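> start-v6.txt (compact mmCIF, C-alpha atoms and all ligand atoms) pasted underneath:
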```txt
# COMPACT_ATOMS: atom_id res chain seq x y z
CA MET L 839 -2.97 -0.86 35.10
CA HIS L 840 -4.49 -0.76 31.63
CA HIS L 841 -5.73 -3.97 30.19
CA ASN L 842 -6.31 -4.44 26.52
CA PRO L 843 -10.05 -5.14 26.47
CA HIS L 844 -9.68 -7.67 23.65
CA PRO L 845 -6.22 -9.17 24.03
CA SER L 846 -6.58 -11.77 21.28
CA ALA L 847 -9.61 -10.51 19.43
CA LEU L 848 -7.74 -10.22 16.16
CA ILE L 849 -6.58 -13.81 15.82
CA ASP L 850 -8.22 -15.51 12.88
CA ARG L 851 -9.40 -19.09 12.37
CA PHE L 852 -5.94 -20.13 11.23
CA GLY L 853 -4.17 -18.71 14.26
CA ARG L 854 -2.80 -15.67 12.46
CA LYS L 855 -2.65 -12.47 14.47
CA VAL L 856 -3.67 -9.33 12.62
CA ASP L 857 -1.65 -6.32 13.77
CA TYR L 858 -1.31 -4.37 10.53
CA VAL L 859 -4.02 -2.36 8.79
CA ARG L 860 -3.85 -0.66 5.42
CA LEU L 861 -6.45 2.05 5.09
CA SER L 862 -7.36 3.75 1.82
CA ILE L 863 -8.52 7.27 2.63
CA THR L 864 -9.55 8.15 -0.92
CA ASP L 865 -10.14 6.45 -4.26
CA ARG L 866 -9.12 9.66 -6.05
CA CYS L 867 -5.73 10.32 -7.53
CA ASP L 868 -3.93 12.99 -9.50
CA PHE L 869 -2.22 10.27 -11.60
CA ARG L 870 -3.77 7.63 -13.85
CA CYS L 871 -1.16 4.87 -13.84
CA VAL L 872 -1.90 2.43 -16.65
CA TYR L 873 -1.80 -0.65 -14.42
CA CYS L 874 -4.00 0.92 -11.77
CA MET L 875 -6.78 3.00 -13.31
CA SER L 876 -8.49 3.48 -16.61
CA GLU L 877 -8.12 6.91 -18.14
CA ASP L 878 -11.79 7.77 -17.66
CA VAL L 879 -12.07 6.30 -14.16
CA GLN L 880 -15.24 7.24 -12.30
CA PHE L 881 -14.58 8.14 -8.71
CA LEU L 882 -17.01 7.35 -5.91
CA PRO L 883 -19.62 9.89 -4.85
CA ARG L 884 -18.33 11.69 -1.76
CA ASP L 885 -21.00 10.39 0.59
CA GLU L 886 -19.94 6.81 -0.16
CA VAL L 887 -16.39 7.53 0.96
CA LEU L 888 -15.29 7.37 4.58
CA THR L 889 -15.07 10.77 6.24
CA LEU L 890 -11.76 11.46 7.95
CA GLU L 891 -13.59 11.33 11.27
CA GLU L 892 -14.73 7.82 10.34
CA CYS L 893 -11.18 6.89 9.30
CA SER L 894 -10.01 8.03 12.70
CA ARG L 895 -12.67 5.95 14.49
CA ILE L 896 -11.67 2.89 12.49
CA VAL L 897 -7.98 3.29 13.27
CA LYS L 898 -8.72 3.84 16.96
CA ALA L 899 -10.87 0.73 17.08
CA PHE L 900 -8.18 -1.39 15.44
CA VAL L 901 -5.48 -0.03 17.71
CA SER L 902 -7.65 -0.79 20.75
CA LEU L 903 -7.76 -4.36 19.41
CA GLY L 904 -3.98 -4.65 19.25
CA VAL L 905 -3.05 -3.29 15.83
CA LYS L 906 0.46 -1.83 15.89
CA LYS L 907 1.03 -0.63 12.37
CA VAL L 908 -1.20 1.43 10.10
CA ARG L 909 -0.47 2.30 6.50
CA ILE L 910 -2.45 5.11 4.94
CA THR L 911 -2.86 4.73 1.21
CA GLY L 912 -5.32 5.37 -1.60
CA GLY L 913 -5.80 6.48 -4.36
CA GLU L 914 -3.40 9.22 -3.59
CA PRO L 915 -3.72 9.86 0.16
CA LEU L 916 -2.06 13.27 -0.05
CA VAL L 917 -4.68 14.69 -2.42
CA ARG L 918 -7.31 14.19 0.25
CA LYS L 919 -8.05 17.54 1.80
CA ASP L 920 -7.18 17.66 5.50
CA ALA L 921 -5.36 14.31 5.44
CA LEU L 922 -2.95 15.92 7.88
CA TRP L 923 -5.77 16.28 10.39
CA LEU L 924 -6.12 12.51 10.35
CA PHE L 925 -2.38 11.87 10.71
CA ASN L 926 -2.20 14.18 13.68
CA LYS L 927 -5.25 12.55 15.23
CA ILE L 928 -3.99 8.97 15.02
CA SER L 929 -0.19 9.07 14.99
CA ARG L 930 0.23 9.22 18.75
CA LEU L 931 -2.42 6.69 19.74
CA PRO L 932 -0.98 4.58 22.54
CA GLY L 933 -0.18 1.14 21.15
CA LEU L 934 0.32 2.28 17.58
CA ASN L 935 4.01 1.83 16.80
CA GLU L 936 4.11 2.85 13.20
CA LEU L 937 2.10 5.20 11.08
CA VAL L 938 3.32 4.99 7.51
CA ILE L 939 2.04 6.13 4.14
CA THR L 940 2.25 5.12 0.50
CA THR L 941 2.21 7.98 -1.96
CA ASN L 942 2.95 8.76 -5.59
CA GLY L 943 5.15 11.61 -4.36
CA SER L 944 3.38 14.36 -6.29
CA GLN L 945 2.59 16.40 -3.18
CA LEU L 946 5.69 15.64 -1.13
CA GLU L 947 7.64 18.64 -2.20
CA HIS L 948 5.32 20.74 -0.06
CA GLN L 949 4.00 18.19 2.42
CA ALA L 950 6.99 16.07 3.47
CA LEU L 951 7.96 18.16 6.45
CA VAL L 952 4.44 18.58 7.84
CA LEU L 953 3.86 14.85 7.42
CA LYS L 954 6.94 14.14 9.46
CA GLN L 955 5.81 16.60 12.09
CA ALA L 956 2.36 15.00 12.13
CA GLY L 957 3.97 11.74 13.25
CA VAL L 958 4.29 9.79 10.00
CA ARG L 959 7.34 7.60 10.52
CA ARG L 960 8.06 6.02 7.18
CA ILE L 961 7.10 6.70 3.63
CA ASN L 962 6.82 4.61 0.47
CA ILE L 963 7.03 6.48 -2.79
CA SER L 964 6.04 4.86 -6.05
CA LEU L 965 8.49 5.41 -8.88
CA ASP L 966 8.46 3.36 -12.07
CA SER L 967 10.78 5.33 -14.31
CA LEU L 968 13.59 7.88 -14.26
CA ASP L 969 12.80 9.00 -17.77
CA ALA L 970 10.39 11.93 -17.83
CA ALA L 971 8.60 10.99 -21.04
CA ARG L 972 8.20 7.40 -19.94
CA PHE L 973 7.10 8.45 -16.48
CA ARG L 974 4.41 10.55 -18.14
CA LYS L 975 3.36 7.61 -20.28
CA ILE L 976 3.01 5.23 -17.35
CA THR L 977 1.23 7.69 -15.06
CA ARG L 978 -0.54 9.33 -18.05
CA VAL L 979 -0.26 12.76 -16.38
CA GLY L 980 2.56 12.67 -13.83
CA ASP L 981 5.53 15.02 -13.72
CA LEU L 982 8.76 13.18 -12.91
CA ASP L 983 10.65 16.28 -11.78
CA LYS L 984 8.00 17.10 -9.23
CA VAL L 985 8.23 13.58 -7.80
CA LEU L 986 12.02 13.77 -7.68
CA ARG L 987 11.75 17.05 -5.80
CA GLY L 988 9.29 15.29 -3.50
CA ILE L 989 11.81 12.52 -2.82
CA ALA L 990 14.44 15.15 -2.02
CA ALA L 991 12.02 16.86 0.37
CA ALA L 992 11.26 13.56 2.09
CA LYS L 993 14.97 12.93 2.62
CA GLN L 994 15.38 16.43 3.94
CA ALA L 995 12.47 15.96 6.36
CA GLY L 996 14.28 13.01 7.93
CA PHE L 997 11.85 10.11 7.78
CA GLU L 998 13.07 6.92 9.46
CA LYS L 999 12.89 5.10 6.20
CA ILE L 1000 12.07 5.98 2.63
CA LYS L 1001 11.34 3.26 0.16
CA LEU L 1002 10.64 3.36 -3.54
CA ASN L 1003 8.00 1.05 -4.95
CA THR L 1004 8.59 0.04 -8.54
CA LEU L 1005 6.34 -1.90 -10.85
CA LEU L 1006 8.10 -3.16 -13.95
CA MET L 1007 6.21 -3.88 -17.15
CA HIS L 1008 7.63 -5.85 -20.01
CA GLY L 1009 8.52 -3.65 -22.97
CA ILE L 1010 7.62 -0.48 -21.05
CA ASN L 1011 10.10 -0.01 -18.20
CA ASP L 1012 11.66 -3.41 -17.56
CA ASP L 1013 15.04 -2.03 -18.65
CA GLU L 1014 15.02 0.32 -15.65
CA ALA L 1015 15.58 -2.16 -12.82
CA LEU L 1016 19.33 -1.39 -12.69
CA PRO L 1017 19.05 2.40 -13.10
CA LEU L 1018 16.36 2.57 -10.41
CA VAL L 1019 18.45 0.51 -8.00
CA ALA L 1020 21.46 2.74 -8.74
CA PHE L 1021 19.27 5.75 -7.99
CA ALA L 1022 18.13 4.23 -4.68
CA ILE L 1023 21.75 3.55 -3.69
CA GLU L 1024 22.77 7.09 -4.60
CA GLN L 1025 19.89 8.46 -2.52
CA GLY L 1026 20.58 6.09 0.39
CA ILE L 1027 17.03 4.75 0.35
CA ASP L 1028 15.36 1.36 -0.19
CA ILE L 1029 13.57 0.01 -3.21
CA SER L 1030 10.98 -2.72 -3.66
CA PHE L 1031 9.83 -4.34 -6.85
CA ILE L 1032 6.12 -5.13 -6.98
CA GLU L 1033 4.69 -7.67 -9.37
CA GLU L 1034 1.69 -6.57 -11.32
CA MET L 1035 -1.54 -7.97 -9.96
CA PRO L 1036 -4.66 -8.64 -11.97
CA LEU L 1037 -6.78 -6.15 -10.08
CA GLY L 1038 -9.44 -4.56 -12.24
CA SER L 1039 -9.55 -4.82 -16.02
CA VAL L 1040 -7.32 -1.89 -16.82
CA HIS L 1041 -5.11 -2.64 -19.72
CA TYR L 1042 -5.40 -5.58 -22.01
CA HIS L 1043 -1.78 -6.55 -22.06
CA ARG L 1044 -1.35 -7.69 -18.48
CA ASN L 1045 -0.36 -11.20 -19.49
CA SER L 1046 2.38 -9.87 -21.75
CA SER L 1047 3.43 -6.95 -19.53
CA TYR L 1048 3.93 -9.09 -16.44
CA VAL L 1049 7.54 -9.21 -15.24
CA SER L 1050 8.35 -11.78 -12.59
CA ASN L 1051 10.47 -10.81 -9.62
CA GLU L 1052 12.50 -13.95 -10.22
CA ASP L 1053 13.78 -12.41 -13.43
CA THR L 1054 14.43 -9.03 -11.82
CA LEU L 1055 16.32 -10.68 -8.97
CA LYS L 1056 18.45 -12.63 -11.45
CA LEU L 1057 19.30 -9.45 -13.30
CA LEU L 1058 20.26 -7.59 -10.13
CA ARG L 1059 22.32 -10.47 -8.78
CA ALA L 1060 24.42 -10.38 -11.92
CA ARG L 1061 25.39 -6.83 -10.96
CA TYR L 1062 25.35 -6.82 -7.13
CA ASP L 1063 26.34 -9.25 -4.37
CA LEU L 1064 22.94 -9.38 -2.77
CA ILE L 1065 22.78 -10.69 0.77
CA ASN L 1066 19.58 -12.36 1.84
CA SER L 1067 18.03 -10.47 4.71
CA VAL L 1068 16.08 -12.34 7.34
CA GLU L 1069 13.75 -9.42 7.89
CA SER L 1070 10.10 -10.31 7.55
CA THR L 1071 7.12 -8.00 7.72
CA GLY L 1072 4.57 -10.80 7.70
CA GLY L 1073 3.83 -9.91 4.12
CA PRO L 1074 4.68 -11.03 0.62
CA ALA L 1075 8.07 -9.32 0.64
CA ARG L 1076 11.60 -10.70 0.70
CA TYR L 1077 14.54 -8.40 1.28
CA TRP L 1078 18.16 -8.32 0.19
CA ARG L 1079 20.96 -6.06 1.33
CA ILE L 1080 23.54 -4.53 -0.98
CA PRO L 1081 26.93 -4.58 0.77
CA ASN L 1082 28.52 -1.20 1.46
CA THR L 1083 25.31 0.66 0.81
CA LYS L 1084 22.34 1.70 2.93
CA THR L 1085 19.99 0.24 0.40
CA LYS L 1086 17.80 -2.80 0.80
CA ILE L 1087 16.01 -4.32 -2.14
CA GLY L 1088 12.60 -5.86 -1.61
CA PHE L 1089 10.62 -8.17 -3.83
CA ILE L 1090 6.90 -8.20 -3.34
CA SER L 1091 5.51 -11.27 -5.02
CA PRO L 1092 1.79 -11.50 -4.48
CA HIS L 1093 1.54 -14.45 -6.84
CA SER L 1094 3.43 -16.62 -4.46
CA HIS L 1095 1.29 -18.41 -1.91
CA ASN L 1096 4.14 -18.79 0.54
CA PHE L 1097 3.31 -15.78 2.62
CA CYS L 1098 -0.40 -16.34 3.21
CA GLU L 1099 0.28 -18.46 6.26
CA SER L 1100 2.06 -15.62 8.00
CA CYS L 1101 -0.26 -12.86 6.74
CA ASN L 1102 -0.80 -10.30 9.48
CA ARG L 1103 -2.81 -7.64 7.66
CA VAL L 1104 -6.22 -6.51 6.54
CA ARG L 1105 -7.32 -3.69 4.25
CA ILE L 1106 -10.03 -1.08 4.47
CA SER L 1107 -11.26 0.44 1.22
CA SER L 1108 -12.15 4.10 0.89
CA LYS L 1109 -15.78 2.93 0.98
CA GLY L 1110 -15.23 1.48 4.42
CA GLU L 1111 -15.14 -2.15 3.38
CA LEU L 1112 -12.97 -4.34 5.54
CA PHE L 1113 -11.22 -6.80 3.23
CA PRO L 1114 -9.45 -9.50 5.23
CA CYS L 1115 -7.61 -10.64 2.08
CA LEU L 1116 -6.63 -8.64 -1.00
CA GLY L 1117 -7.33 -11.63 -3.21
CA HIS L 1118 -10.81 -12.51 -1.99
CA GLU L 1119 -14.30 -11.09 -2.18
CA ASN L 1120 -15.01 -11.63 1.52
CA LYS L 1121 -15.67 -8.34 3.24
CA VAL L 1122 -17.51 -6.56 6.01
CA ASP L 1123 -19.05 -3.12 5.42
CA LEU L 1124 -18.12 -0.71 8.17
CA ILE L 1125 -20.09 2.35 6.96
CA PRO L 1126 -23.43 1.07 8.31
CA VAL L 1127 -22.05 0.53 11.82
CA LEU L 1128 -20.18 3.83 11.71
CA ARG L 1129 -23.18 5.87 10.55
CA ASP L 1130 -25.90 4.08 12.52
CA PHE L 1131 -23.87 4.44 15.72
CA PRO L 1132 -22.06 7.77 15.53
CA HIS L 1133 -21.30 7.85 19.26
CA ASN L 1134 -20.81 4.20 20.04
CA ASP L 1135 -17.83 2.21 18.74
CA ARG L 1136 -19.01 -1.13 20.12
CA PRO L 1137 -20.81 -2.19 16.90
CA LEU L 1138 -17.75 -1.10 14.90
CA ILE L 1139 -15.50 -3.25 17.05
CA GLU L 1140 -17.82 -6.21 16.65
CA ALA L 1141 -17.89 -5.75 12.88
CA ILE L 1142 -14.08 -5.71 12.83
CA ILE L 1143 -13.91 -8.91 14.87
CA GLU L 1144 -16.40 -10.45 12.46
CA GLY L 1145 -14.14 -9.43 9.57
CA ILE L 1146 -11.15 -11.19 11.10
CA LYS L 1147 -13.23 -14.35 11.47
CA ILE L 1148 -13.78 -14.50 7.71
CA LYS L 1149 -10.14 -14.03 6.74
CA PRO L 1150 -9.54 -16.80 4.18
CA LYS L 1151 -6.61 -19.16 4.26
CA GLY L 1152 -5.05 -17.89 1.04
CA HIS L 1153 -5.61 -15.70 -1.97
CA ASP L 1154 -6.82 -16.46 -5.42
CA PHE L 1155 -4.75 -14.64 -8.03
CA ASP L 1156 -3.89 -16.04 -11.38
CA ILE L 1157 -2.24 -13.73 -13.90
CA LYS L 1158 -2.86 -16.16 -16.75
CA ARG L 1159 -6.61 -16.19 -16.36
CA ALA L 1160 -8.54 -14.20 -18.94
CA GLU L 1161 -10.71 -12.61 -16.28
CA PRO L 1162 -9.19 -11.30 -13.10
CA ALA L 1163 -10.20 -13.35 -10.10
CA VAL L 1164 -10.79 -10.16 -8.23
CA ILE L 1165 -11.93 -7.13 -10.12
CA ARG L 1166 -11.36 -4.45 -7.56
CA PHE L 1167 -9.00 -1.66 -8.44
CA MET L 1168 -5.94 -1.17 -6.30
CA SER L 1169 -6.76 2.53 -5.98
CA TYR L 1170 -10.01 1.62 -4.38
CA THR L 1171 -8.89 -1.18 -2.10
CA GLY L 1172 -5.68 0.53 -1.18
CA GLY L 1173 -2.34 -0.77 -2.43
N1 LIG L 1201 -1.10 6.53 -5.03
C1 LIG L 1201 -0.17 5.93 -4.13
C2 LIG L 1201 0.98 5.33 -4.89
O1 LIG L 1201 0.92 5.22 -6.11
O2 LIG L 1201 1.96 4.98 -4.22
C3 LIG L 1201 -0.78 4.91 -3.19
C4 LIG L 1201 -1.78 3.96 -3.77
S1 LIG L 1201 -1.16 2.88 -5.04
C5 LIG L 1201 -2.61 1.95 -5.41
C6 LIG L 1201 -0.11 1.81 -4.09
C7 LIG L 1201 0.79 0.92 -4.88
O3 LIG L 1201 0.01 0.00 -5.60
C8 LIG L 1201 1.67 1.63 -5.90
O4 LIG L 1201 3.02 1.36 -5.60
C9 LIG L 1201 1.28 1.00 -7.21
O5 LIG L 1201 2.39 0.82 -8.05
C10 LIG L 1201 0.68 -0.29 -6.80
N2 LIG L 1201 -0.28 -0.85 -7.77
C11 LIG L 1201 -1.32 -0.24 -8.37
N3 LIG L 1201 -1.96 -1.08 -9.20
C12 LIG L 1201 -1.31 -2.26 -9.11
C13 LIG L 1201 -1.48 -3.53 -9.71
N4 LIG L 1201 -2.45 -3.77 -10.58
N5 LIG L 1201 -0.62 -4.51 -9.37
C14 LIG L 1201 0.38 -4.29 -8.47
N6 LIG L 1201 0.59 -3.13 -7.87
C15 LIG L 1201 -0.24 -2.11 -8.18
FE1 LIG L 1202 -2.71 6.87 -8.47
FE2 LIG L 1202 -1.09 5.30 -7.08
FE3 LIG L 1202 -2.91 4.24 -8.74
FE4 LIG L 1202 -0.85 5.52 -9.75
S1 LIG L 1202 -0.78 3.65 -8.53
S2 LIG L 1202 -3.01 5.79 -10.36
S3 LIG L 1202 -0.51 7.09 -8.29
S4 LIG L 1202 -3.32 5.37 -6.92
```
Now that the file is in, can you turn its structure into structure tokens?
Ligand code: SAM
Ligand code: SF4

Amino acid sequence: MHHNPHPSALIDRFGRKVDYVRLSITDRCDFRCVYCMSEDVQFLPRDEVLTLEECSRIVKAFVSLGVKKVRITGGEPLVRKDALWLFNKISRLPGLNELVITTNGSQLEHQALVLKQAGVRRINISLDSLDAARFRKITRVGDLDKVLRGIAAAKQAGFEKIKLNTLLMHGINDDEALPLVAFAIEQGIDISFIEEMPLGSVHYHRNSSYVSNEDTLKLLRARYDLINSVESTGGPARYWRIPNTKTKIGFISPHSHNFCESCNRVRISSKGELFPCLGHENKVDLIPVLRDFPHNDRPLIEAIIEGIKIKPKGHDFDIKRAEPAVIRFMSYTGG
């Protein structure tokens, strides 16, 4: 019989069990979304970024400690060369129930099927506009048609679930909540609305661009009979079903504190920093233990356990503050 060597190693000081890891495999991206990166963003030197071999060691260590779900993100994970190698390496680890990715969709047209074959179960695709010119404006360089073809390819490939992630900004795309939901219904996929977080000083209008999910929900309820879903992912999301459709609508509200007490996740940046909370500076650097001990995962496992011990009780965001409480970029921490 196999025993988990650390059955409750990933329980933090507040009794929360961590079984979900979000890993950023690159800080690079082919888009430059206005809320995420500055136009002239400087990417990290390659030797400061986790190698895919190191990513694989990290995932293995977490899974050996009881983690059941891994989300691969970035930056844009699918622009990382050989990302497929990593997916193939980790997707069938015993104990890992779900390997999922978050992508901007730019590479899906060609990669959706191989991703599915590599064992990726579910896919989140970011989509903020259905208008090509606007889409270009928000992403600065993105091609809407390519992303739409990517969504079609993902449907064709047969992922268990496809979900759109939408970030609404006042005066930019906040009139697209209804069209985007209609698109999701037509495609038979889910959609979640994400509130803008003050991560990194990107654009100066965050206070005025911020759209609250309360307002979006109100708008959608005027059009649809939304049914509250009890589903919980241990994260800051609430879900609603739309009767007679396959579509669920999620609202991810990081500004609410309500979810911190059930938080089940940690993040790893592309630099190998273990962040136990997106809204806190606390971290543990994994690169030293990975590179000092290339053939021994014991120090890595101890560093991970250390990271869980410093998981704070709650986060520290405040959109109204002049300076962001946390100045990391999402692309770097992993969204
Ligand atoms: N490049 C991939 C993508 O766009 O889906 C994965 C990484 S991206 C950082 C993950 C998610 O974070 C995207 O859905 C994006 O909209 C979201 N995001 C980026 N910056 C954000 C911010 N400041 N506040 C809230 N969400 C943000
Ligand atoms: Fe790239 Fe995703 Fe950030 Fe947009 S949100 S710049 S696609 S990492």
> From the list L:Ala899, L:Met1035, L:Ala990, L:Leu890, which residue is nearest ligand LIG 1202 (chain L) when using all atoms listed in the file?
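The answer is L:Met1035, which sits nearest to ligand LIG 1202 (chain L).
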> Find the residues around Ile989 of chain L up to 7 Å (only C-alpha atoms counted), leave out those fewer than 4 positions away in its own chain, and share them as a list in words.
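These residues fall inside the cut-off: Gly943, Val985 and Lys993 of chain L.
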> Let me have all residues with an atom within 9 Å of ligand LIG 1202 (chain L), counting only C-alpha atoms and all ligand atoms, laid out as JSON, numbers by chain.
{"L": [865, 866, 867, 868, 869, 870, 871, 872, 873, 874, 875, 876, 911, 912, 913, 914, 915, 940, 941, 942, 943, 944, 964, 976, 977, 978, 980, 1167, 1168, 1169, 1170, 1172, 1173]}
> Of the residues L:Ala950, L:Lys906, L:Asp969, L:Leu1006, which is the one nearest to ligand LIG 1201 (chain L), using all atoms listed in the file?
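With all atoms listed in the file as the atom set, the closest residue is L:Leu1006.
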> Please provide as a PyMOL selection string all residues within 9 Å of segment 1074-1090 of chain L, with the sequence filter that same-chain residues fewer than 6 positions apart are discarded (counting all atoms listed in the file).
chain L and resi 1001+1003+1019+1022-1033+1051-1052+1054-1055+1062-1068+1096-1098+1101
